[in-house]
$ cat query-v3.tsv   # TSV, C-alpha atoms and all ligand atoms
chain	number	residue	atom	x	y	z
A	2	MET	CA	16.54	21.44	-25.00
A	3	GLN	CA	13.23	23.04	-25.81
A	4	GLN	CA	11.22	23.41	-22.66
A	5	GLY	CA	8.03	21.40	-22.43
A	6	LYS	CA	9.05	18.81	-24.97
A	7	LEU	CA	10.67	15.59	-23.94
A	8	PRO	CA	12.92	13.77	-26.34
A	9	PHE	CA	12.53	10.30	-24.86
A	10	THR	CA	8.85	9.46	-24.63
A	11	GLY	CA	5.64	9.88	-26.52
A	12	LEU	CA	4.24	11.53	-23.41
A	13	GLU	CA	4.16	15.27	-23.03
A	14	LYS	CA	5.21	15.00	-19.44
A	15	ILE	CA	7.12	12.59	-17.32
A	16	ARG	CA	4.11	11.64	-15.31
A	17	PHE	CA	4.30	10.65	-11.69
A	18	ASN	CA	2.33	7.47	-12.28
A	19	VAL	CA	0.96	5.55	-15.24
A	20	PRO	CA	-1.31	2.61	-14.35
A	21	PRO	CA	0.35	-0.73	-15.06
A	22	PHE	CA	-0.72	-2.36	-18.31
A	23	THR	CA	0.79	-5.40	-20.00
A	24	GLY	CA	-1.45	-5.85	-23.05
A	25	LYS	CA	-2.94	-9.15	-21.88
A	26	GLU	CA	-5.65	-7.38	-19.87
A	27	TYR	CA	-8.07	-7.07	-22.80
A	28	GLU	CA	-7.90	-10.79	-23.46
A	29	TYR	CA	-8.60	-11.74	-19.85
A	30	VAL	CA	-11.44	-9.26	-19.47
A	31	ARG	CA	-12.90	-10.68	-22.70
A	32	GLN	CA	-12.59	-14.18	-21.24
A	33	ALA	CA	-14.43	-13.07	-18.11
A	34	VAL	CA	-17.24	-11.74	-20.28
A	35	GLU	CA	-17.35	-14.97	-22.30
A	36	ASN	CA	-17.38	-17.05	-19.11
A	37	LYS	CA	-20.71	-15.35	-18.47
A	38	GLN	CA	-19.78	-14.55	-14.93
A	39	ILE	CA	-18.89	-10.96	-14.31
A	40	CYS	CA	-19.98	-10.73	-10.67
A	41	GLY	CA	-17.54	-11.67	-7.94
A	42	ASP	CA	-15.79	-14.92	-7.03
A	43	GLY	CA	-15.57	-16.45	-10.50
A	44	ALA	CA	-12.70	-18.24	-12.19
A	45	PHE	CA	-10.32	-15.26	-12.22
A	46	THR	CA	-10.90	-14.43	-8.57
A	47	LYS	CA	-10.16	-18.06	-7.65
A	48	ARG	CA	-6.96	-18.00	-9.70
A	49	VAL	CA	-5.77	-14.68	-8.29
A	50	SER	CA	-6.60	-15.65	-4.69
A	51	ARG	CA	-4.66	-18.89	-5.08
A	52	TRP	CA	-1.74	-16.96	-6.60
A	53	PHE	CA	-1.48	-14.76	-3.52
A	54	GLU	CA	-2.01	-17.63	-1.09
A	55	GLU	CA	0.88	-19.51	-2.66
A	56	LYS	CA	3.07	-16.42	-2.91
A	57	THR	CA	2.49	-15.31	0.68
A	58	GLY	CA	1.90	-18.62	2.48
A	59	THR	CA	-1.33	-17.38	4.05
A	60	ALA	CA	-4.40	-19.48	4.83
A	61	LYS	CA	-6.66	-17.30	2.69
A	62	CYS	CA	-6.62	-14.39	0.30
A	63	LEU	CA	-9.99	-12.71	-0.12
A	64	MET	CA	-10.16	-10.27	-3.02
A	65	THR	CA	-11.88	-7.00	-2.14
A	66	THR	CA	-13.05	-3.85	-3.84
A	67	SER	CA	-10.18	-1.86	-2.29
A	68	CYS	CA	-7.49	-1.91	0.36
A	69	THR	CA	-9.79	0.39	2.31
A	70	HIS	CA	-12.41	-2.37	2.33
A	71	ALA	CA	-9.84	-5.04	3.18
A	72	THR	CA	-8.89	-2.95	6.22
A	73	GLU	CA	-12.56	-2.54	7.16
A	74	LEU	CA	-12.91	-6.33	7.03
A	75	ALA	CA	-9.84	-6.65	9.24
A	76	ALA	CA	-11.39	-4.22	11.74
A	77	LEU	CA	-14.55	-6.36	11.80
A	78	LEU	CA	-12.48	-9.51	12.34
A	79	CYS	CA	-10.61	-7.85	15.22
A	80	GLY	CA	-14.01	-7.25	16.83
A	81	ILE	CA	-13.28	-3.54	17.22
A	82	GLU	CA	-15.86	-1.80	19.41
A	83	PRO	CA	-16.54	1.84	20.28
A	84	GLY	CA	-13.87	3.22	22.56
A	85	ASP	CA	-11.20	0.70	21.56
A	86	GLU	CA	-7.80	2.10	20.68
A	87	VAL	CA	-5.74	1.23	17.65
A	88	ILE	CA	-2.07	2.19	17.37
A	89	MET	CA	-0.82	3.40	13.99
A	90	PRO	CA	1.42	6.03	12.41
A	91	SER	CA	0.00	9.45	11.58
A	92	PHE	CA	2.04	9.50	8.39
A	93	THR	CA	-0.31	7.28	6.37
A	94	PHE	CA	-3.32	7.28	4.08
A	95	VAL	CA	-6.71	8.08	5.62
A	96	SER	CA	-8.02	4.53	5.13
A	97	THR	CA	-5.64	3.12	7.74
A	98	ALA	CA	-7.50	5.14	10.36
A	99	ASN	CA	-10.97	5.29	8.79
A	100	ALA	CA	-11.46	1.53	8.81
A	101	PHE	CA	-11.22	1.57	12.61
A	102	VAL	CA	-12.93	4.93	13.16
A	103	LEU	CA	-15.98	3.48	11.38
A	104	ARG	CA	-16.17	0.90	14.20
A	105	GLY	CA	-15.95	3.64	16.82
A	106	ALA	CA	-12.29	3.16	17.66
A	107	VAL	CA	-9.78	5.89	18.51
A	108	PRO	CA	-6.65	5.95	16.36
A	109	VAL	CA	-3.63	6.54	18.57
A	110	PHE	CA	-0.86	7.97	16.45
A	111	VAL	CA	2.74	7.17	17.22
A	112	ASP	CA	5.75	8.96	15.72
A	113	ILE	CA	7.67	7.53	12.76
A	114	ARG	CA	11.31	6.65	12.27
A	115	PRO	CA	13.05	9.20	10.06
A	116	ASP	CA	14.99	6.53	8.16
A	117	THR	CA	12.07	4.48	6.77
A	118	MET	CA	9.10	6.78	7.51
A	119	ASN	CA	7.52	3.75	9.23
A	120	ILE	CA	6.03	3.66	12.72
A	121	ASP	CA	8.79	3.74	15.36
A	122	GLU	CA	8.47	0.31	16.92
A	123	LYS	CA	10.32	1.49	20.01
A	124	LEU	CA	7.52	3.93	20.87
A	125	ILE	CA	4.59	1.53	20.49
A	126	GLU	CA	4.61	-0.21	23.84
A	127	ALA	CA	4.33	3.02	25.84
A	128	ALA	CA	1.17	3.87	23.87
A	129	VAL	CA	-0.59	0.64	24.84
A	130	THR	CA	-3.48	1.04	27.30
A	131	GLU	CA	-6.22	-1.28	28.57
A	132	LYS	CA	-8.31	-0.16	25.61
A	133	THR	CA	-5.76	-1.03	22.93
A	134	LYS	CA	-7.01	-3.72	20.55
A	135	ALA	CA	-4.66	-3.61	17.59
A	136	ILE	CA	-1.45	-2.29	16.10
A	137	VAL	CA	-1.53	-1.25	12.44
A	138	PRO	CA	1.94	-1.00	10.92
A	139	VAL	CA	2.06	0.65	7.48
A	140	HIS	CA	4.89	-0.52	5.23
A	141	TYR	CA	5.70	2.79	3.60
A	142	ALA	CA	7.11	2.59	0.07
A	143	GLY	CA	7.08	-1.21	0.32
A	144	VAL	CA	9.83	-1.12	2.96
A	145	ALA	CA	8.88	-3.26	5.95
A	146	CYS	CA	8.27	-2.07	9.49
A	147	GLU	CA	10.31	-3.73	12.23
A	148	MET	CA	7.86	-6.60	12.48
A	149	ASP	CA	9.67	-8.82	15.00
A	150	THR	CA	9.43	-6.11	17.65
A	151	ILE	CA	5.83	-5.29	16.73
A	152	LEU	CA	4.74	-8.94	16.91
A	153	GLU	CA	6.46	-9.34	20.25
A	154	ILE	CA	4.63	-6.33	21.74
A	155	ALA	CA	1.34	-7.58	20.29
A	156	LYS	CA	1.86	-10.99	21.80
A	157	ARG	CA	2.72	-9.60	25.21
A	158	HIS	CA	-0.42	-7.44	25.29
A	159	ASN	CA	-2.71	-9.76	23.38
A	160	LEU	CA	-3.25	-7.36	20.46
A	161	PHE	CA	-4.10	-7.94	16.84
A	162	VAL	CA	-1.63	-6.88	14.18
A	163	VAL	CA	-3.18	-5.60	10.94
A	164	GLU	CA	-0.59	-4.82	8.28
A	165	ASP	CA	-1.41	-2.01	5.92
A	166	ALA	CA	0.58	-3.54	3.08
A	167	ALA	CA	-1.17	-1.47	0.41
A	168	GLN	CA	2.25	-0.58	-1.00
A	169	GLY	CA	3.89	-3.88	-0.12
A	170	VAL	CA	2.91	-6.42	-2.78
A	171	MET	CA	6.02	-8.47	-3.75
A	172	ALA	CA	8.07	-7.03	-0.87
A	173	SER	CA	9.27	-8.97	2.16
A	174	TYR	CA	10.63	-8.85	5.70
A	175	LYS	CA	13.16	-11.52	6.69
A	176	GLY	CA	11.91	-13.70	3.87
A	177	LYS	CA	8.21	-13.30	4.70
A	178	ALA	CA	5.83	-11.54	2.33
A	179	LEU	CA	4.50	-8.24	3.64
A	180	GLY	CA	0.87	-8.73	4.58
A	181	SER	CA	1.48	-12.31	5.73
A	182	ILE	CA	3.23	-11.53	9.02
A	183	GLY	CA	0.50	-10.08	11.24
A	184	ASP	CA	-2.97	-11.53	11.81
A	185	PHE	CA	-4.34	-9.75	8.74
A	186	GLY	CA	-2.69	-8.07	5.77
A	187	CYS	CA	-4.25	-5.57	3.40
A	188	TYR	CA	-3.16	-5.07	-0.21
A	189	SER	CA	-4.19	-2.37	-2.67
A	190	PHE	CA	-4.64	-2.71	-6.41
A	191	HIS	CA	-5.54	0.91	-6.96
A	192	GLU	CA	-4.14	2.31	-10.21
A	193	THR	CA	-1.31	4.03	-8.34
A	194	LYS	CA	-0.01	0.75	-6.94
A	195	ASN	CA	2.50	-1.68	-8.47
A	196	TYR	CA	-0.23	-4.07	-9.68
A	197	SER	CA	-3.66	-2.73	-10.47
A	198	MET	CA	-7.27	-3.54	-11.28
A	199	GLY	CA	-8.35	0.10	-11.29
A	200	GLU	CA	-9.82	-0.08	-7.82
A	201	GLY	CA	-9.29	-3.20	-5.75
A	202	GLY	CA	-7.60	-4.88	-2.86
A	203	ALA	CA	-7.14	-8.10	-0.95
A	204	LEU	CA	-7.29	-9.31	2.62
A	205	LEU	CA	-4.69	-11.86	3.63
A	206	ILE	CA	-5.61	-14.09	6.57
A	207	ARG	CA	-2.81	-15.97	8.32
A	208	ASP	CA	-4.85	-18.14	10.71
A	209	PRO	CA	-7.55	-20.33	9.10
A	210	LYS	CA	-9.81	-19.86	12.14
A	211	TYR	CA	-10.81	-16.40	10.85
A	212	VAL	CA	-11.66	-17.47	7.30
A	213	GLU	CA	-15.30	-18.43	7.79
A	214	LYS	CA	-16.13	-15.18	9.62
A	215	ALA	CA	-14.31	-13.15	6.98
A	216	GLU	CA	-16.24	-14.81	4.15
A	217	ILE	CA	-19.52	-13.99	5.88
A	218	PHE	CA	-18.63	-10.32	6.49
A	219	ARG	CA	-17.54	-10.02	2.86
A	220	GLU	CA	-20.69	-11.63	1.41
A	221	LYS	CA	-23.34	-9.35	2.94
A	222	GLY	CA	-23.39	-11.30	6.19
A	223	THR	CA	-24.37	-14.55	4.49
A	224	ASP	CA	-22.74	-17.96	4.05
A	225	ARG	CA	-23.03	-17.68	0.27
A	226	SER	CA	-19.32	-18.61	-0.11
A	227	LYS	CA	-20.10	-21.98	1.50
A	228	TYR	CA	-23.19	-22.34	-0.67
A	229	TYR	CA	-21.13	-21.82	-3.83
A	230	ARG	CA	-18.79	-24.57	-2.69
A	231	GLY	CA	-21.77	-26.88	-2.18
A	232	GLN	CA	-21.23	-27.03	1.59
A	233	VAL	CA	-24.77	-25.87	2.49
A	234	ASP	CA	-28.08	-26.34	0.69
A	235	LYS	CA	-29.21	-22.70	1.03
A	236	TYR	CA	-27.42	-19.57	2.07
A	237	ARG	CA	-28.76	-17.63	4.99
A	238	TRP	CA	-28.25	-14.36	6.83
A	239	GLN	CA	-25.65	-15.24	9.47
A	240	ASP	CA	-24.27	-11.98	10.80
A	241	PHE	CA	-23.82	-8.33	9.90
A	242	GLY	CA	-21.73	-7.70	6.85
A	243	SER	CA	-21.43	-5.79	3.63
A	244	SER	CA	-20.45	-6.29	-0.01
A	245	TYR	CA	-16.70	-6.31	-0.37
A	246	LEU	CA	-16.14	-8.58	-3.36
A	247	PRO	CA	-14.91	-7.18	-6.65
A	248	SER	CA	-16.28	-7.91	-10.11
A	249	GLU	CA	-14.56	-10.56	-12.21
A	250	LEU	CA	-13.91	-7.88	-14.84
A	251	ASN	CA	-11.54	-6.08	-12.49
A	252	VAL	CA	-9.84	-9.21	-11.22
A	253	ALA	CA	-9.29	-10.44	-14.80
A	254	TYR	CA	-7.51	-7.16	-15.50
A	255	LEU	CA	-5.23	-7.72	-12.51
A	256	TYR	CA	-4.45	-11.30	-13.49
A	257	ALA	CA	-2.56	-10.17	-16.59
A	258	GLN	CA	-0.09	-8.30	-14.39
A	259	LEU	CA	0.40	-11.12	-11.92
A	260	GLU	CA	1.59	-13.27	-14.79
A	261	LEU	CA	4.31	-10.68	-15.31
A	262	ALA	CA	4.80	-9.84	-11.65
A	263	GLU	CA	8.54	-10.52	-11.68
A	264	GLU	CA	9.08	-8.49	-14.82
A	265	ILE	CA	7.11	-5.52	-13.47
A	266	ASN	CA	9.01	-5.71	-10.20
A	267	ALA	CA	12.37	-5.89	-11.96
A	268	TRP	CA	11.46	-2.91	-14.16
A	269	ARG	CA	10.61	-0.75	-11.18
A	270	LEU	CA	13.68	-1.86	-9.22
A	271	ALA	CA	15.90	-0.97	-12.17
A	272	ARG	CA	14.55	2.60	-12.22
A	273	TRP	CA	14.87	2.81	-8.45
A	274	GLN	CA	18.54	1.79	-8.65
A	275	GLU	CA	19.21	4.31	-11.42
A	276	TYR	CA	17.70	7.15	-9.40
A	277	TYR	CA	19.70	6.01	-6.40
A	278	GLY	CA	22.97	5.87	-8.32
A	279	LEU	CA	22.48	9.17	-10.13
A	280	LEU	CA	21.46	11.04	-6.99
A	281	THR	CA	24.12	9.58	-4.69
A	282	PRO	CA	26.58	12.44	-5.42
A	283	LEU	CA	23.94	14.94	-4.22
A	284	ALA	CA	23.38	12.89	-1.08
A	285	LYS	CA	27.13	12.66	-0.48
A	286	ALA	CA	27.34	16.44	-0.83
A	287	GLY	CA	24.70	16.72	1.90
A	288	LYS	CA	22.10	18.36	-0.37
A	289	ILE	CA	19.44	15.66	-0.18
A	290	GLU	CA	18.74	12.38	1.59
A	291	LEU	CA	18.01	9.09	-0.15
A	292	PRO	CA	15.71	6.27	0.99
A	293	ILE	CA	17.08	3.78	3.50
A	294	VAL	CA	16.20	0.08	3.28
A	295	PRO	CA	17.09	-1.75	6.52
A	296	GLU	CA	18.73	-5.15	6.42
A	297	GLY	CA	16.24	-7.98	6.07
A	298	CYS	CA	13.84	-5.85	4.05
A	299	VAL	CA	13.41	-6.56	0.36
A	300	HIS	CA	11.41	-3.75	-1.17
A	301	ASN	CA	9.42	-3.57	-4.39
A	302	ALA	CA	10.34	-0.09	-5.66
A	303	HIS	CA	6.82	1.05	-5.01
A	304	MET	CA	8.21	4.52	-4.65
A	305	PHE	CA	11.37	6.56	-5.02
A	306	TYR	CA	11.47	9.59	-2.76
A	307	ILE	CA	14.12	12.07	-1.78
A	308	LYS	CA	14.25	14.32	1.24
A	309	THR	CA	15.03	17.97	0.71
A	310	ALA	CA	16.13	20.43	3.41
A	311	ASP	CA	12.64	21.61	4.32
A	312	GLU	CA	9.12	22.33	3.09
A	313	GLN	CA	10.15	25.47	1.18
A	314	GLU	CA	12.97	23.76	-0.68
A	315	CYS	CA	10.68	20.83	-1.41
A	316	ALA	CA	8.08	23.13	-2.98
A	317	ALA	CA	10.74	24.98	-4.97
A	318	LEU	CA	12.19	21.75	-6.36
A	319	LYS	CA	8.71	20.48	-7.24
A	320	GLU	CA	8.04	23.71	-9.14
A	321	PHE	CA	11.44	23.60	-10.83
A	322	LEU	CA	10.75	20.07	-12.09
A	323	GLU	CA	7.30	21.12	-13.27
A	324	GLU	CA	8.94	23.66	-15.58
A	325	TYR	CA	10.56	20.70	-17.31
A	326	ASP	CA	7.30	18.76	-17.39
A	327	VAL	CA	8.39	16.38	-14.68
A	328	VAL	CA	5.65	15.61	-12.18
A	329	ALA	CA	6.97	14.99	-8.68
A	330	VAL	CA	4.61	14.89	-5.74
A	331	THR	CA	4.64	15.31	-1.98
A	332	HIS	CA	2.81	12.86	0.26
A	333	TYR	CA	0.50	12.56	3.26
A	334	VAL	CA	-0.51	15.46	5.42
A	335	PRO	CA	-0.14	13.73	8.80
A	336	LEU	CA	-3.52	12.49	9.96
A	337	HIS	CA	-3.27	13.99	13.44
A	338	SER	CA	-3.03	17.48	11.98
A	339	ALA	CA	-6.01	17.02	9.62
A	340	PRO	CA	-9.54	18.00	10.72
A	341	ALA	CA	-10.86	14.44	11.10
A	342	GLY	CA	-7.67	13.26	12.74
A	343	MET	CA	-8.04	15.93	15.40
A	344	ARG	CA	-11.66	14.93	15.95
A	345	TYR	CA	-11.25	11.16	16.06
A	346	GLY	CA	-7.69	10.46	17.10
A	347	ARG	CA	-4.86	11.56	19.31
A	348	PHE	CA	-1.12	11.69	19.02
A	349	PHE	CA	0.76	9.77	21.66
A	350	GLY	CA	4.03	11.33	22.78
A	351	GLU	CA	5.92	13.91	20.80
A	352	ASP	CA	5.77	14.56	17.08
A	353	VAL	CA	9.51	14.72	16.48
A	354	TYR	CA	9.64	13.35	12.94
A	355	THR	CA	6.13	12.86	11.52
A	356	THR	CA	5.48	16.46	10.48
A	357	LYS	CA	9.06	17.52	9.84
A	358	GLU	CA	10.00	14.56	7.67
A	359	SER	CA	6.71	14.46	5.75
A	360	GLU	CA	7.07	18.11	4.73
A	361	ARG	CA	10.42	17.63	3.04
A	362	LEU	CA	9.66	14.40	1.21
A	363	LEU	CA	9.23	14.47	-2.57
A	364	ARG	CA	8.27	11.44	-4.66
A	365	LEU	CA	9.74	11.08	-8.14
A	366	PRO	CA	8.05	9.55	-11.20
A	367	MET	CA	7.90	5.75	-10.85
A	368	TYR	CA	5.88	3.31	-12.88
A	369	TYR	CA	6.13	0.19	-15.00
A	370	GLY	CA	7.12	1.60	-18.39
A	371	LEU	CA	9.11	4.59	-17.12
A	372	THR	CA	12.25	4.59	-19.26
A	373	ALA	CA	15.83	4.75	-18.04
A	374	GLU	CA	16.25	7.92	-20.13
A	375	ASP	CA	13.34	9.60	-18.40
A	376	ALA	CA	14.64	8.64	-14.95
A	377	ALA	CA	18.06	10.00	-15.93
A	378	PHE	CA	16.44	13.24	-17.13
A	379	VAL	CA	14.63	13.63	-13.80
A	380	ALA	CA	17.86	13.03	-11.86
A	381	GLU	CA	19.76	15.46	-14.09
A	382	LYS	CA	17.21	18.20	-13.42
A	383	ILE	CA	17.40	17.60	-9.68
A	384	ARG	CA	21.17	17.93	-9.84
A	385	GLU	CA	20.74	21.11	-11.85
A	386	PHE	CA	18.39	22.50	-9.21
A	387	TYR	CA	21.08	22.01	-6.60
A	388	GLY	CA	23.72	23.46	-8.90
A	389	ALA	CA	25.60	20.18	-9.06
B	1	LIG	C1	-3.24	3.16	-1.43
B	1	LIG	C2	-3.24	3.01	0.03
B	1	LIG	C3	-4.41	2.66	0.74
B	1	LIG	C4	-5.77	2.60	0.11
B	1	LIG	O1	-5.89	1.72	-0.93
B	1	LIG	P1	-7.28	1.64	-1.74
B	1	LIG	O2	-7.14	0.37	-2.50
B	1	LIG	O3	-7.30	2.86	-2.62
B	1	LIG	O4	-8.38	1.62	-0.77
B	1	LIG	C5	-4.31	2.45	2.10
B	1	LIG	N1	-3.14	2.57	2.74
B	1	LIG	C6	-2.00	2.92	2.11
B	1	LIG	C7	-0.73	3.02	2.89
B	1	LIG	C8	-2.01	3.15	0.73
B	1	LIG	O5	-0.89	3.50	0.11
$ encode --input "query-v3.tsv" --output "structure tokens" --more "lines below"
Ligand SMILES: *Cc1c(COP(=O)(O)O)cnc(C)c1O
Amino acid sequence: MQQGKLPFTGLEKIRFNVPPFTGKEYEYVRQAVENKQICGDGAFTKRVSRWFEEKTGTAKCLMTTSCTHATELAALLCGIEPGDEVIMPSFTFVSTANAFVLRGAVPVFVDIRPDTMNIDEKLIEAAVTEKTKAIVPVHYAGVACEMDTILEIAKRHNLFVVEDAAQGVMASYKGKALGSIGDFGCYSFHETKNYSMGEGGALLIRDPKYVEKAEIFREKGTDRSKYYRGQVDKYRWQDFGSSYLPSELNVAYLYAQLELAEEINAWRLARWQEYYGLLTPLAKAGKIELPIVPEGCVHNAHMFYIKTADEQECAALKEFLEEYDVVAVTHYVPLHSAPAGMRYGRFFGEDVYTTKESERLLRLPMYYGLTAEDAAFVAEKIREFYGA
């Protein structure tokens, strides 16, 4: 095969991600324009919020401008104050920590499990101090953390649980939607996620007692949400707050994909299974490791990653794939080893797996629209790299 030219797609490369697009987006964005309401909380936002409330069984879904902002709202709702501690993995995106650091909290990083790359629930309790306010499990790759244990620890120590479910839309733990299990759940609709509105997110609230506060924080510290529902005659400044609500234009774009949520999910899962099947011989030969999905976890194929021997091999494989126009990418530099992480946080206990496992992890192309042929080509090249 001629290098740099792929027989299967119109694309020059097998890209790592292509933002989801169904074709209906234009129509819904046009409708939003014709509704003459393009600011937040219009007809599409209502529809999308209801969709998630029904899907997840939560009291409220508040659409936000990002998962970062949803997590900031959660930090406000937890009443985080300077000096508070928040337990989370170091192997995560910066926003997990930033949302709490902005309130003056100290992120306390706990090691991950090598099988799922999620926070090791068995190490959490030892990290709890008098200052601990919350635990923030991150469901990496849409595979759930061990939530029963985490909830039990939280209950015993009276802590909030904020799920970073940015990657967890349409995934579940023991039948419960990710993001609906803790006190607050945060979704992302960034273009790299399974469902997208360009930039966007949502805050899921399990207990209705937090809804009023959340609406005020999200609407610049006012009770404008109540005003829109005709519950007050004027809206007033009630508390501190900011502007976290997304434009109708973005939410309309997302709505098109929610209508096809099952189809998008099935598409991704099919590619995931193909990768898994085609790479199993390499795993059996001990060359690579494949993702592990514990019992009780239903994932959403947010990601397909493999684990190579070490950082050097990972870089070599990445480069090898690049020669065939396949874009594979590594993931997080652990937060505790990054400049801001060193300044604001601390690692509790020993870093046995966080650094070592993150260095050898490589993510393969995965998106709605990725063809079976392309996935097979990627797998074939990986096998070739290992001489199999
Ligand atoms: C994508 C992501 C975020 C941030 O989402 P935004 O919507 O871009 O703010 C946070 N946490 C995790 C684990 C993510 O994957």
$ axis_aligned_box --input "query-v3.tsv" --around "segment 311-324 of chain A" --padding-each-side "8 Å" --output "JSON"
{"center_x": 10.1, "center_y": 22.8, "center_z": -5.6, "size_x": 21.7, "size_y": 21.4, "size_z": 35.9}
$ residues_near_ligand --input "query-v3.tsv" --ligand "ligand LIG 1 (chain B)" --cutoff "6 Å" --atoms "only C-alpha atoms and all ligand atoms" --output "list of chain:residue names"
A:Ser67, A:Cys68, A:Thr69, A:Thr93, A:Phe94, A:Ser96, A:Thr97, A:Val139, A:Asp165, A:Ala167, A:Gln168, A:Ser189, A:Phe190, A:His191, A:Glu200, A:Gly201, A:Gly202
$ atom_distance --input "query-v3.tsv" --atom1 "atom CA of Phe92 of chain A" --atom2 "atom CA of Pro335 of chain A"
4.8 Å
$ closest_atom_pairs --input "query-v3.tsv" --of "segment 230-324 of chain A" --to "segment 23-45 of chain A" --cutoff "12 Å" --atoms "only C-alpha atoms" --output "CSV"
residue,atom,partner,partner_atom,distance
A:Arg230,CA,A:Asp42,CA,11.0
A:Ser244,CA,A:Gly41,CA,10.0
A:Tyr245,CA,A:Gly41,CA,9.3
A:Leu246,CA,A:Gly41,CA,5.7
A:Pro247,CA,A:Gly41,CA,5.4
A:Ser248,CA,A:Gly41,CA,4.5
A:Glu249,CA,A:Ile39,CA,4.8
A:Leu250,CA,A:Val30,CA,5.4
A:Asn251,CA,A:Val30,CA,7.7
A:Val252,CA,A:Phe45,CA,6.2
A:Ala253,CA,A:Tyr29,CA,5.3
A:Tyr254,CA,A:Glu26,CA,4.8
A:Leu255,CA,A:Glu26,CA,7.4
A:Tyr256,CA,A:Phe45,CA,7.2
A:Ala257,CA,A:Glu26,CA,5.3
A:Gln258,CA,A:Thr23,CA,6.4
A:Leu259,CA,A:Thr23,CA,9.9
A:Glu260,CA,A:Lys25,CA,9.4
A:Leu261,CA,A:Thr23,CA,7.9
A:Ala262,CA,A:Thr23,CA,10.3
A:Glu264,CA,A:Thr23,CA,10.3
A:Ile265,CA,A:Thr23,CA,9.1
$ residues_around --input "query-v3.tsv" --residues "segment 122-133 of chain A" --least-positions-apart "5" --cutoff "6 Å" --atoms "all atoms listed in the file" --output "MDAnalysis selection string"
chainID A and resid 85:87
$ atom_distance --input "query-v3.tsv" --atom1 "atom CA of Cys79 of chain A" --atom2 "atom CA of Ser243 of chain A"
16.0 Å
$ atom_distance --input "query-v3.tsv" --atom1 "atom CA of Gly58 of chain A" --atom2 "atom CA of Ser181 of chain A"
7.1 Å
$ residues_around --input "query-v3.tsv" --residues "Asp208 of chain A" --least-positions-apart "4" --cutoff "10 Å" --atoms "all atoms listed in the file" --output "short mmCIF file (atom, residue, chain, number, x, y, z; two decimals) with C-alpha atoms, in the coordinates of the input"
data_model
loop_
_atom_site.label_atom_id
_atom_site.label_comp_id
_atom_site.auth_asym_id
_atom_site.auth_seq_id
_atom_site.Cartn_x
_atom_site.Cartn_y
_atom_site.Cartn_z
CA THR A 59 -1.33 -17.38 4.05
CA ALA A 60 -4.40 -19.48 4.83
CA LYS A 61 -6.66 -17.30 2.69
CA SER A 181 1.48 -12.31 5.73
CA GLY A 183 0.50 -10.08 11.24
CA ASP A 184 -2.97 -11.53 11.81
CA PHE A 185 -4.34 -9.75 8.74
CA VAL A 212 -11.66 -17.47 7.30
#
$ closest_residue --input "query-v3.tsv" --among "A:Ala310, A:Gly388, A:Leu322, A:Thr356" --to "Ala339 of chain A" --atoms "all atoms listed in the file"
A:Thr356
$ residues_around --input "query-v3.tsv" --residues "segment 171-173 of chain A" --least-positions-apart "3" --cutoff "8 Å" --atoms "all atoms listed in the file" --output "ChimeraX atom specification"
/A:143-145,176-179,266,298-301
$ closest_residue --input "query-v3.tsv" --among "A:Arg219, A:Gly346, A:Ala380, A:Val327" --to "Gly84 of chain A" --atoms "all atoms listed in the file"
A:Gly346
$ closest_residue --input "query-v3.tsv" --among "A:Phe53, A:Gly105, A:Val294, A:Gln239" --to "Glu147 of chain A" --atoms "only C-alpha atoms"
A:Val294
$ closest_residue --input "query-v3.tsv" --among "A:Pro90, A:Gly370, A:Leu152, A:Ala377" --to "Gln274 of chain A" --atoms "only C-alpha atoms"
A:Ala377
$ closest_residue --input "query-v3.tsv" --among "A:Asn119, A:Thr372, A:Ser338, A:Asn159" --to "Tyr141 of chain A" --atoms "only C-alpha atoms"
A:Asn119
$ residues_around --input "query-v3.tsv" --residues "Asp224 of chain A" --least-positions-apart "3" --cutoff "10 Å" --atoms "all atoms listed in the file" --output "JSON, numbers by chain"
{"A": [213, 214, 216, 217, 218, 219, 220, 221, 227, 228, 229, 232, 233, 235, 236, 237, 238, 239, 240]}
$ closest_residue --input "query-v3.tsv" --among "A:Pro83, A:Pro108, A:Pro366, A:Pro209" --to "Val330 of chain A" --atoms "only C-alpha atoms"
A:Pro366
